[in-house]
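Source file start.txt; content: compact mmCIF, C-alpha atoms.
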```txt
# COMPACT_ATOMS: atom_id res chain seq x y z
CA MET Y 14 127.80 158.91 313.64
CA ARG Y 15 129.04 155.84 315.44
CA CYS Y 16 131.11 154.84 312.41
CA LEU Y 17 132.50 158.35 312.15
CA ALA Y 18 133.67 158.33 315.76
CA LEU Y 19 135.17 154.86 315.33
CA ALA Y 20 136.98 155.86 312.15
CA GLY Y 21 138.26 158.95 313.91
CA ALA Y 22 139.56 156.90 316.81
CA MET Y 23 141.30 154.49 314.46
CA LEU Y 24 142.85 157.39 312.61
CA ALA Y 25 144.05 158.88 315.87
CA LEU Y 26 145.64 155.61 316.93
CA ALA Y 27 147.07 154.78 313.50
CA GLY Y 28 148.64 158.23 313.25
CA CYS Y 29 150.94 157.46 316.16
CA ALA Y 30 151.85 153.91 315.19
CA SER Y 31 155.02 153.55 313.15
CA LYS Y 32 154.96 151.59 309.92
CA PRO Y 33 155.96 147.96 310.46
CA PRO Y 34 159.16 146.87 308.72
CA PRO Y 35 158.80 144.66 305.64
CA PRO Y 36 158.87 140.92 306.49
CA LEU Y 37 162.19 139.10 306.19
CA TYR Y 38 160.56 136.12 304.47
CA GLU Y 39 157.83 135.36 301.96
CA TRP Y 40 155.42 133.21 304.01
CA GLY Y 41 152.70 132.68 301.40
CA GLY Y 42 150.50 129.76 302.41
CA TYR Y 43 153.22 127.93 304.34
CA GLN Y 44 151.64 128.23 307.79
CA GLY Y 45 148.27 127.09 306.47
CA GLN Y 46 149.99 124.10 304.87
CA LEU Y 47 151.69 123.31 308.18
CA TYR Y 48 148.33 123.37 309.95
CA ALA Y 49 146.80 121.07 307.31
CA HIS Y 50 149.79 118.75 307.66
CA PHE Y 51 149.48 118.54 311.45
CA ARG Y 52 145.72 118.04 311.33
CA GLY Y 53 146.16 115.40 308.66
CA ASP Y 54 143.48 116.95 306.48
CA MET Y 55 145.52 118.21 303.54
CA ALA Y 56 144.24 117.18 300.15
CA SER Y 57 147.20 114.80 299.81
CA PRO Y 58 150.95 114.94 300.52
CA LEU Y 59 151.52 115.24 296.77
CA ALA Y 60 149.12 118.18 296.43
CA GLN Y 61 150.87 119.89 299.33
CA LEU Y 62 154.24 119.15 297.76
CA GLY Y 63 153.08 120.79 294.53
CA ALA Y 64 151.79 123.86 296.34
CA LEU Y 65 154.99 124.31 298.36
CA LEU Y 66 157.30 123.79 295.36
CA GLU Y 67 155.28 126.40 293.50
CA GLN Y 68 155.64 128.78 296.44
CA VAL Y 69 159.44 128.35 296.44
CA GLN Y 70 159.54 128.99 292.69
CA LYS Y 71 157.44 132.16 292.96
CA THR Y 72 159.46 133.42 295.92
CA GLU Y 73 162.76 132.90 294.11
CA ALA Y 74 161.39 134.55 290.96
CA LYS Y 75 160.49 137.61 293.04
CA GLY Y 76 163.93 137.65 294.61
CA SER Y 77 162.39 137.26 298.08
CA ALA Y 78 163.62 134.96 300.86
CA VAL Y 79 162.22 131.46 301.39
CA PRO Y 80 161.23 131.06 305.07
CA PRO Y 81 163.19 128.75 307.39
CA GLY Y 82 161.98 125.16 307.33
CA LEU Y 83 160.22 125.26 303.97
CA HIS Y 84 162.89 123.34 302.04
CA ALA Y 85 163.18 120.77 304.84
CA HIS Y 86 159.39 120.35 304.88
CA ILE Y 87 159.45 119.76 301.11
CA ALA Y 88 162.21 117.18 301.65
CA MET Y 89 159.99 115.33 304.15
CA LEU Y 90 157.12 115.18 301.63
CA LEU Y 91 159.48 114.05 298.84
CA LEU Y 92 160.72 111.26 301.07
CA GLN Y 93 157.15 110.14 301.73
CA ALA Y 94 156.69 110.03 297.96
CA GLY Y 95 159.78 107.84 297.67
CA GLN Y 96 161.96 110.50 296.01
CA ARG Y 97 165.02 110.12 298.21
CA ASP Y 98 167.60 111.94 296.07
CA GLU Y 99 165.33 114.94 295.56
CA ALA Y 100 164.67 114.94 299.30
CA VAL Y 101 168.41 115.11 300.05
CA GLY Y 102 168.67 117.98 297.56
CA HIS Y 103 166.13 120.02 299.52
CA LEU Y 104 167.79 119.22 302.85
CA GLN Y 105 171.00 120.57 301.30
CA ALA Y 106 169.09 123.65 300.12
CA GLU Y 107 167.83 124.29 303.67
CA LYS Y 108 171.39 123.97 304.92
CA ALA Y 109 172.76 126.33 302.24
CA LEU Y 110 170.18 129.02 303.05
CA PHE Y 111 170.43 128.54 306.81
CA PRO Y 112 173.81 127.26 308.03
CA GLU Y 113 172.25 127.17 311.53
CA SER Y 114 170.38 124.06 310.36
CA ALA Y 115 173.55 122.19 309.33
CA HIS Y 116 173.70 119.86 312.34
CA TYR Y 117 170.10 118.63 311.99
CA MET Y 118 170.19 118.50 308.18
CA ASP Y 119 173.40 116.42 308.30
CA TRP Y 120 171.79 114.16 310.91
CA LEU Y 121 168.76 113.63 308.63
CA ILE Y 122 170.92 113.09 305.52
CA GLY Y 123 173.08 110.65 307.46
CA ARG Y 124 170.01 108.62 308.48
CA LEU Y 125 168.76 108.59 304.88
CA GLN Y 126 172.08 107.46 303.50
CA GLY Y 127 172.51 104.95 306.29
CA ALA Y 128 169.12 103.45 305.44
CA LYS Y 129 170.07 103.28 301.77
CA SER Y 130 173.28 101.24 302.07
CA MET X 26 121.78 167.78 314.01
CA SER X 27 124.73 169.17 315.83
CA ALA X 28 122.50 171.10 318.19
CA ALA X 29 120.56 167.92 318.97
CA LEU X 30 123.67 165.78 319.33
CA PRO X 31 123.04 163.33 322.16
CA GLY X 32 125.18 164.00 325.21
CA MET X 33 126.98 160.69 324.90
CA TRP X 34 128.21 161.43 321.39
CA ARG X 35 129.19 164.93 322.30
CA ARG X 36 131.33 163.54 325.10
CA ALA X 37 132.76 160.91 322.75
CA LEU X 38 133.69 163.52 320.18
CA LEU X 39 135.23 165.70 322.83
CA MET X 40 137.31 162.79 324.08
CA LEU X 41 138.31 162.00 320.51
CA ALA X 42 139.42 165.59 319.97
CA VAL X 43 141.49 165.41 323.15
CA LEU X 44 142.96 162.12 321.97
CA LEU X 45 143.84 163.62 318.60
CA LEU X 46 145.50 166.60 320.17
CA THR X 47 147.37 164.81 322.89
CA GLY X 48 147.93 161.38 321.37
CA CYS X 49 151.07 162.23 319.49
CA ALA X 50 152.26 165.19 321.51
CA HIS X 51 153.97 163.30 324.29
CA LYS X 52 156.90 161.08 323.62
CA PRO X 53 156.38 157.97 325.70
CA LYS X 54 158.70 157.58 328.63
CA ALA X 55 161.78 155.58 327.83
CA PRO X 56 160.82 151.91 328.17
CA PRO X 57 162.47 149.93 330.94
CA GLU X 58 165.89 148.85 329.74
CA PRO X 59 165.53 145.19 328.76
CA VAL X 60 167.74 142.78 330.66
CA PRO X 61 169.98 141.13 328.05
CA TRP X 62 169.79 137.37 327.92
CA PRO X 63 172.75 135.52 329.42
CA SER X 64 173.48 134.13 325.96
CA GLN X 65 172.30 134.84 322.42
CA PRO X 66 170.92 131.80 320.57
CA THR X 67 170.84 131.77 316.78
CA SER X 68 168.63 128.71 316.26
CA LEU X 69 165.46 127.69 318.08
CA LEU X 70 163.97 124.22 318.38
CA VAL X 71 160.19 124.49 318.95
CA LEU X 72 158.77 121.31 320.46
CA PRO X 73 155.10 120.27 320.04
CA PRO X 74 153.13 122.23 322.69
CA ILE X 75 151.55 120.69 325.75
CA ASN X 76 147.78 121.03 325.48
CA GLU X 77 145.79 122.00 328.56
CA SER X 78 142.70 123.01 326.57
CA ARG X 79 139.85 120.74 325.56
CA ASP X 80 140.46 121.17 321.84
CA VAL X 81 142.70 118.51 320.27
CA LYS X 82 143.56 120.92 317.44
CA ALA X 83 145.04 123.43 319.88
CA PRO X 84 148.71 122.36 319.78
CA TRP X 85 148.64 122.16 315.99
CA GLY X 86 147.02 125.56 315.57
CA VAL X 87 149.73 127.07 317.76
CA LEU X 88 152.68 125.07 316.38
CA ALA X 89 151.75 125.84 312.76
CA GLN X 90 151.93 129.57 313.47
CA VAL X 91 155.01 129.83 315.66
CA THR X 92 157.71 129.84 312.98
CA ALA X 93 156.75 133.16 311.37
CA PRO X 94 156.94 135.43 314.44
CA LEU X 95 160.16 133.80 315.69
CA ALA X 96 161.83 133.86 312.27
CA GLU X 97 160.76 137.47 311.68
CA ALA X 98 162.31 138.26 315.07
CA GLY X 99 165.63 137.09 313.63
CA TYR X 100 165.96 133.45 314.66
CA TYR X 101 166.45 130.33 312.61
CA VAL X 102 163.54 128.09 313.56
CA LEU X 103 164.06 124.38 312.97
CA PRO X 104 161.40 122.96 310.61
CA VAL X 105 158.53 122.26 313.01
CA ALA X 106 156.87 119.54 310.93
CA VAL X 107 160.15 117.69 310.29
CA VAL X 108 161.06 117.90 313.97
CA GLU X 109 157.64 116.47 314.88
CA GLN X 110 158.20 113.67 312.34
CA THR X 111 161.65 112.86 313.77
CA LEU X 112 160.17 112.67 317.27
CA ARG X 113 157.31 110.49 315.98
CA ASP X 114 159.78 108.19 314.20
CA ASN X 115 161.46 107.73 317.56
CA GLY X 116 158.23 106.86 319.34
CA MET X 117 157.72 110.28 320.92
CA THR X 118 154.13 111.40 320.34
CA VAL X 119 153.09 112.69 323.78
CA ALA X 120 154.02 116.34 324.31
CA ALA X 121 154.67 115.92 328.03
CA ASP X 122 157.17 113.11 327.28
CA ILE X 123 158.78 115.21 324.54
CA HIS X 124 159.20 118.13 326.95
CA ALA X 125 161.00 115.75 329.32
CA ILE X 126 163.71 114.78 326.80
CA SER X 127 167.15 115.76 328.13
CA HIS X 128 168.85 118.85 326.78
CA ALA X 129 171.86 116.75 325.82
CA LYS X 130 169.71 114.44 323.69
CA LEU X 131 167.92 117.35 321.99
CA ARG X 132 171.25 118.94 321.18
CA GLU X 133 172.68 115.69 319.88
CA VAL X 134 169.88 115.22 317.35
CA PHE X 135 168.78 118.75 316.47
CA GLY X 136 171.89 120.81 317.18
CA ALA X 137 169.82 123.88 318.10
CA ASP X 138 171.19 126.56 320.44
CA ALA X 139 167.97 126.80 322.41
CA VAL X 140 164.63 125.05 322.87
CA VAL X 141 161.16 126.63 323.03
CA TYR X 142 158.66 124.94 325.36
CA ILE X 143 155.03 125.98 324.78
CA LYS X 144 151.88 125.31 326.77
CA VAL X 145 148.41 126.02 325.36
CA ARG X 146 146.35 126.98 328.42
CA GLU X 147 143.12 127.83 326.65
CA TYR X 148 141.88 127.39 323.09
CA GLY X 149 138.36 127.91 321.85
CA SER X 150 134.95 129.24 322.79
CA THR X 151 134.64 130.32 326.37
CA TYR X 152 130.90 129.65 326.80
CA THR X 153 130.36 132.53 329.19
CA VAL X 154 126.99 134.29 329.43
CA VAL X 155 127.72 137.35 327.36
CA SER X 156 130.39 136.16 325.00
CA GLY X 157 130.95 133.23 322.71
CA ASP X 158 134.41 134.43 321.87
CA ALA X 159 137.24 132.19 320.83
CA VAL X 160 140.04 132.74 323.34
CA VAL X 161 143.59 131.46 323.06
CA GLU X 162 146.09 131.62 325.89
CA VAL X 163 149.65 130.42 325.44
CA ASN X 164 152.76 130.56 327.55
CA ALA X 165 156.30 129.67 326.62
CA HIS X 166 159.85 129.62 327.83
CA ILE X 167 163.17 129.38 326.06
CA VAL X 168 166.08 127.43 327.51
CA ASP X 169 169.66 127.51 326.22
CA LEU X 170 170.55 123.93 325.27
CA ARG X 171 174.27 124.62 325.67
CA THR X 172 174.09 125.89 329.23
CA GLY X 173 170.68 124.73 330.45
CA LYS X 174 169.91 128.29 331.50
CA LEU X 175 166.44 129.82 331.21
CA LEU X 176 166.64 132.71 328.74
CA TRP X 177 163.08 133.98 328.56
CA GLY X 178 159.50 133.19 329.54
CA ASN X 179 156.20 134.92 328.95
CA ALA X 180 152.48 134.42 328.28
CA ALA X 181 149.90 135.97 325.97
CA THR X 182 146.15 135.90 325.38
CA ALA X 183 144.07 136.81 322.36
CA SER X 184 140.32 136.79 321.79
CA SER X 185 138.04 136.97 318.78
CA GLY X 186 135.99 139.56 320.68
CA GLU X 187 138.72 142.17 320.86
CA GLY X 188 137.75 145.63 319.69
CA ARG X 189 134.03 145.17 320.31
CA ASP X 190 132.17 147.81 322.32
CA PRO X 191 132.17 146.30 325.80
CA HIS X 192 129.38 148.58 327.07
CA ASN X 193 126.64 147.51 324.73
CA LEU X 194 125.38 144.58 326.77
CA ALA X 195 122.16 143.90 324.86
CA PHE X 196 124.05 143.72 321.59
CA MET X 197 126.62 141.42 323.14
CA MET X 198 124.00 139.04 324.49
CA VAL X 199 122.66 138.49 321.00
CA GLN X 200 126.10 138.41 319.49
CA ALA X 201 127.35 135.87 322.02
CA LEU X 202 124.92 133.32 320.70
CA VAL X 203 125.78 134.03 317.10
CA SER X 204 129.53 134.25 317.51
CA GLN X 205 129.68 131.07 319.55
CA LEU X 206 128.09 129.20 316.66
CA VAL X 207 130.25 130.97 314.09
CA ASN X 208 133.44 130.47 316.06
CA VAL X 209 132.83 126.76 316.39
CA ALA X 210 131.92 126.39 312.71
CA THR X 211 134.85 128.31 311.22
CA ASP X 212 137.76 127.27 313.44
CA ALA X 213 138.09 130.88 314.59
CA SER X 214 140.53 129.72 317.26
CA TYR X 215 143.18 129.15 314.60
CA LYS X 216 143.17 132.82 313.65
CA VAL X 217 143.08 133.89 317.27
CA ALA X 218 146.05 131.58 317.98
CA GLY X 219 148.00 133.40 315.28
CA ARG X 220 147.39 136.68 317.11
CA ALA X 221 148.32 135.20 320.49
CA ASN X 222 151.55 133.85 318.97
CA GLN X 223 152.33 137.21 317.42
CA ARG X 224 151.89 138.85 320.81
CA LEU X 225 154.01 136.27 322.58
CA PHE X 226 156.81 135.73 320.06
CA GLY X 227 156.65 138.90 317.98
CA LEU X 228 159.45 141.35 318.47
CA ASN X 229 158.34 144.04 320.89
CA PRO X 230 161.34 145.52 322.63
CA THR X 231 159.27 148.19 324.39
CA ALA X 232 157.10 145.64 326.18
CA VAL X 233 158.15 144.15 329.47
CA GLY X 234 159.01 140.53 328.78
CA GLY X 235 159.33 141.17 325.05
CA LEU X 236 161.40 138.81 322.98
CA GLN X 237 165.02 139.73 322.30
CA ALA X 238 165.91 140.09 318.61
CA GLY X 239 167.86 137.28 317.01
CA PRO X 240 170.97 137.66 314.84
CA ARG X 241 169.06 137.63 311.54
CA TYR X 242 166.87 140.57 312.56
CA VAL X 243 167.22 143.63 310.35
CA PRO X 244 166.09 146.81 312.12
CA PRO X 245 163.79 148.99 309.99
CA PRO X 246 165.37 152.15 308.57
CA PRO X 247 164.50 155.24 310.64
CA HIS X 248 161.72 157.31 309.05
CA HIS X 249 160.89 160.94 309.48
```
In structure tokens, write the structure found in this file.
Amino acid sequence: MRCLALAGAMLALAGCASKPPPPLYEWGGYQGQLYAHFRGDMASPLAQLGALLEQVQKTEAKGSAVPPGLHAHIAMLLLQAGQRDEAVGHLQAEKALFPESAHYMDWLIGRLQGAKS
Amino acid sequence: MSAALPGMWRRALLMLAVLLLTGCAHKPKAPPEPVPWPSQPTSLLVLPPINESRDVKAPWGVLAQVTAPLAEAGYYVLPVAVVEQTLRDNGMTVAADIHAISHAKLREVFGADAVVYIKVREYGSTYTVVSGDAVVEVNAHIVDLRTGKLLWGNAATASSGEGRDPHNLAFMMVQALVSQLVNVATDASYKVAGRANQRLFGLNPTAVGGLQAGPRYVPPPPHH
């Protein structure tokens, strides 16, 4: 009886709520990976790199949008793994998808190239 | 059964029937017209939050889950982990110090239109008598980095105990003990932080103090 009333109440409330719009971006496990990164308890930067690269691949295959920051985050992990050129490539990808990031991406690329020469 | 229906349930059903009949009938009053922001940013720089709770994970739980609601609201959000790394590389690891960096300096490095300052006021089990709920309280304000003007500020709270029957005290007393243990063991605060963030930064134009949509926001098609 209690469940019935509860279900009824939920139905009543849900009936009035409008359907939420589809998300702009495919988030996948990105936020969970961010949390693991900040807490420092991810399996390893390389494992995270693999997971995030796979997410980008799947998202692109589906024709969905990669969320802001994901390519730049991948670039940071690549840099930690010593893959500087690949890192620059992903900073460029972030910039291509989101021109709003151009200033910061150029600043990061400039620092990388400055450190190289 | 129906003849012997306890009075409480009869009342509940009656109220439910009233709710069903009236719930959708009235169009809500037009919401208060939101005051447009003095300027419209396109990109947001979210700095590591200041933590006023006792849980060291609090700023990370909140920062990890801030990009989605803001990006879905139509803003470009600078990569939070890369920003944190840049700050760290420059010796900035204390949130209060980071929040004190000049707008000019932030703009010079990050080039964002506006900055989001967050404070985590509460994060975790509340240890009250009848509830071991995980509670997260966050507040935030957004400042235009080009003009220095405050664009928006608000606060939100979420709790793992939401939706529970608040009148069943005996049940709650038992549950408080259990949920306190469970909440501590499973990092329930992280999930609750996601809900608090959604409330604070999610697009909700009908709410007073709701966030204004950014330029990348696509309004849903009208449905009938």
Against chain Y, which residues of chain X fall within 6 Å? For each one I want the closest pair of atoms and the distance in Å (one decimal), counting all atoms listed in the file, rows by chain and increasing residue number, as JSON lines.
```
{"residue": "X:Leu45", "atom": "CA", "partner": "Y:Ala25", "partner_atom": "CA", "distance": 5.5}
{"residue": "X:Cys49", "atom": "CA", "partner": "Y:Cys29", "partner_atom": "CA", "distance": 5.8}
{"residue": "X:Trp85", "atom": "CA", "partner": "Y:Phe51", "partner_atom": "CA", "distance": 5.9}
{"residue": "X:Ala89", "atom": "CA", "partner": "Y:Tyr48", "partner_atom": "CA", "distance": 5.1}
{"residue": "X:Gln90", "atom": "CA", "partner": "Y:Gln44", "partner_atom": "CA", "distance": 5.8}
{"residue": "X:Glu97", "atom": "CA", "partner": "Y:Leu37", "partner_atom": "CA", "distance": 5.9}
{"residue": "X:Pro104", "atom": "CA", "partner": "Y:Gly82", "partner_atom": "CA", "distance": 4.0}
{"residue": "X:Phe135", "atom": "CA", "partner": "Y:Tyr117", "partner_atom": "CA", "distance": 4.7}
{"residue": "X:Gly136", "atom": "CA", "partner": "Y:His116", "partner_atom": "CA", "distance": 5.3}
{"residue": "X:Pro245", "atom": "CA", "partner": "Y:Pro34", "partner_atom": "CA", "distance": 5.2}
```
To one decimal in Å, tell me the separation between atom CA of X:Pro61 and atom CA of X:Phe226. 16.3 Å
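Non-sequential neighbours of X:Arg224 (distance at most 9 Å, separation of 5 or more positions within a chain, all atoms listed in the file) are Pro94, Ala180, Ala181, Thr182, Ala183, Gly219, Asn229 and Gly235 of chain X.
As for atom CA of X:Ile75 and atom CA of X:Ala121, they are spaced 6.1 Å apart.
Taking atom CA of Y:Gly127 and atom CA of Y:Asp98 as the two end points, the separation is 13.3 Å.
Among the candidate residues X:Thr111, X:Asn179, X:Ser214, X:Thr92, the one lying nearest to X:Ser150 is X:Ser214, with distances computed using only C-alpha atoms.
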For X:Ser68, list every protein, DNA or RNA residue within 7 Å, evaluated using all atoms listed in the file, and leave out those in the same chain fewer than 5 positions away; present the list as a PyMOL selection string. (chain Y and resi 113) or (chain X and resi 100-102+137-139)
If you keep C-alpha atoms, can you produce a file of those selected residues as a PDB file, in the coordinates of the input?
```pdb
ATOM      1  CA  GLU Y 113     172.250 127.170 311.530  1.00  0.00           C
TER       2      GLU Y 113
ATOM      3  CA  TYR X 100     165.960 133.450 314.660  1.00  0.00           C
ATOM      4  CA  TYR X 101     166.450 130.330 312.610  1.00  0.00           C
ATOM      5  CA  VAL X 102     163.540 128.090 313.560  1.00  0.00           C
ATOM      6  CA  ALA X 137     169.820 123.880 318.100  1.00  0.00           C
ATOM      7  CA  ASP X 138     171.190 126.560 320.440  1.00  0.00           C
ATOM      8  CA  ALA X 139     167.970 126.800 322.410  1.00  0.00           C
TER       9      ALA X 139
END
```
For X:Val168, work out the shell of residues within 6 Å, counting only C-alpha atoms and skipping chain neighbours fewer than 6 positions away, then give it as a PyMOL selection string. chain X and resi 139-140+174-176
Would you write out those residues with C-alpha atoms, as a PDB file, keeping the file's coordinate frame?
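What ended up in out04.pdb:
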```pdb
ATOM      1  CA  ALA X 139     167.970 126.800 322.410  1.00  0.00           C
ATOM      2  CA  VAL X 140     164.630 125.050 322.870  1.00  0.00           C
ATOM      3  CA  LYS X 174     169.910 128.290 331.500  1.00  0.00           C
ATOM      4  CA  LEU X 175     166.440 129.820 331.210  1.00  0.00           C
ATOM      5  CA  LEU X 176     166.640 132.710 328.740  1.00  0.00           C
TER       6      LEU X 176
END
```
Since the input is missing atoms for stretch 83-94 of chain Y, could you rebuild it with N, CA, C and O atoms and give the result as an mmCIF file, keeping the file's coordinate frame?
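Final output, out04.cif:
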```
data_model
loop_
_atom_site.group_PDB
_atom_site.id
_atom_site.type_symbol
_atom_site.label_atom_id
_atom_site.label_comp_id
_atom_site.auth_asym_id
_atom_site.auth_seq_id
_atom_site.Cartn_x
_atom_site.Cartn_y
_atom_site.Cartn_z
ATOM 1 N N LEU Y 83 161.041 125.630 305.139
ATOM 2 C CA LEU Y 83 160.220 125.260 303.970
ATOM 3 C C LEU Y 83 160.890 124.184 303.111
ATOM 4 O O LEU Y 83 160.250 123.197 302.730
ATOM 5 N N HIS Y 84 162.197 124.353 302.845
ATOM 6 C CA HIS Y 84 162.890 123.340 302.040
ATOM 7 C C HIS Y 84 162.927 121.986 302.771
ATOM 8 O O HIS Y 84 162.747 120.944 302.147
ATOM 9 N N ALA Y 85 163.129 122.026 304.069
ATOM 10 C CA ALA Y 85 163.180 120.770 304.840
ATOM 11 C C ALA Y 85 161.813 120.084 304.844
ATOM 12 O O ALA Y 85 161.712 118.856 304.778
ATOM 13 N N HIS Y 86 160.753 120.891 304.914
ATOM 14 C CA HIS Y 86 159.390 120.350 304.880
ATOM 15 C C HIS Y 86 159.132 119.677 303.524
ATOM 16 O O HIS Y 86 158.567 118.582 303.463
ATOM 17 N N ILE Y 87 159.588 120.332 302.456
ATOM 18 C CA ILE Y 87 159.450 119.760 301.110
ATOM 19 C C ILE Y 87 160.221 118.433 301.045
ATOM 20 O O ILE Y 87 159.725 117.445 300.486
ATOM 21 N N ALA Y 88 161.404 118.405 301.645
ATOM 22 C CA ALA Y 88 162.210 117.180 301.650
ATOM 23 C C ALA Y 88 161.443 116.036 302.323
ATOM 24 O O ALA Y 88 161.450 114.895 301.841
ATOM 25 N N MET Y 89 160.757 116.347 303.430
ATOM 26 C CA MET Y 89 159.990 115.330 304.150
ATOM 27 C C MET Y 89 158.883 114.747 303.264
ATOM 28 O O MET Y 89 158.661 113.536 303.222
ATOM 29 N N LEU Y 90 158.194 115.633 302.519
ATOM 30 C CA LEU Y 90 157.120 115.180 301.630
ATOM 31 C C LEU Y 90 157.685 114.352 300.476
ATOM 32 O O LEU Y 90 157.090 113.350 300.063
ATOM 33 N N LEU Y 91 158.836 114.788 299.936
ATOM 34 C CA LEU Y 91 159.480 114.050 298.840
ATOM 35 C C LEU Y 91 159.846 112.642 299.302
ATOM 36 O O LEU Y 91 159.675 111.660 298.568
ATOM 37 N N LEU Y 92 160.328 112.553 300.518
ATOM 38 C CA LEU Y 92 160.720 111.260 301.070
ATOM 39 C C LEU Y 92 159.508 110.341 301.189
ATOM 40 O O LEU Y 92 159.578 109.144 300.879
ATOM 41 N N GLN Y 93 158.383 110.928 301.628
ATOM 42 C CA GLN Y 93 157.150 110.140 301.730
ATOM 43 C C GLN Y 93 156.702 109.657 300.361
ATOM 44 O O GLN Y 93 156.040 108.625 300.247
ATOM 45 N N ALA Y 94 157.057 110.416 299.317
ATOM 46 C CA ALA Y 94 156.690 110.030 297.960
ATOM 47 C C ALA Y 94 157.757 109.120 297.335
ATOM 48 O O ALA Y 94 157.666 108.784 296.153
#
```
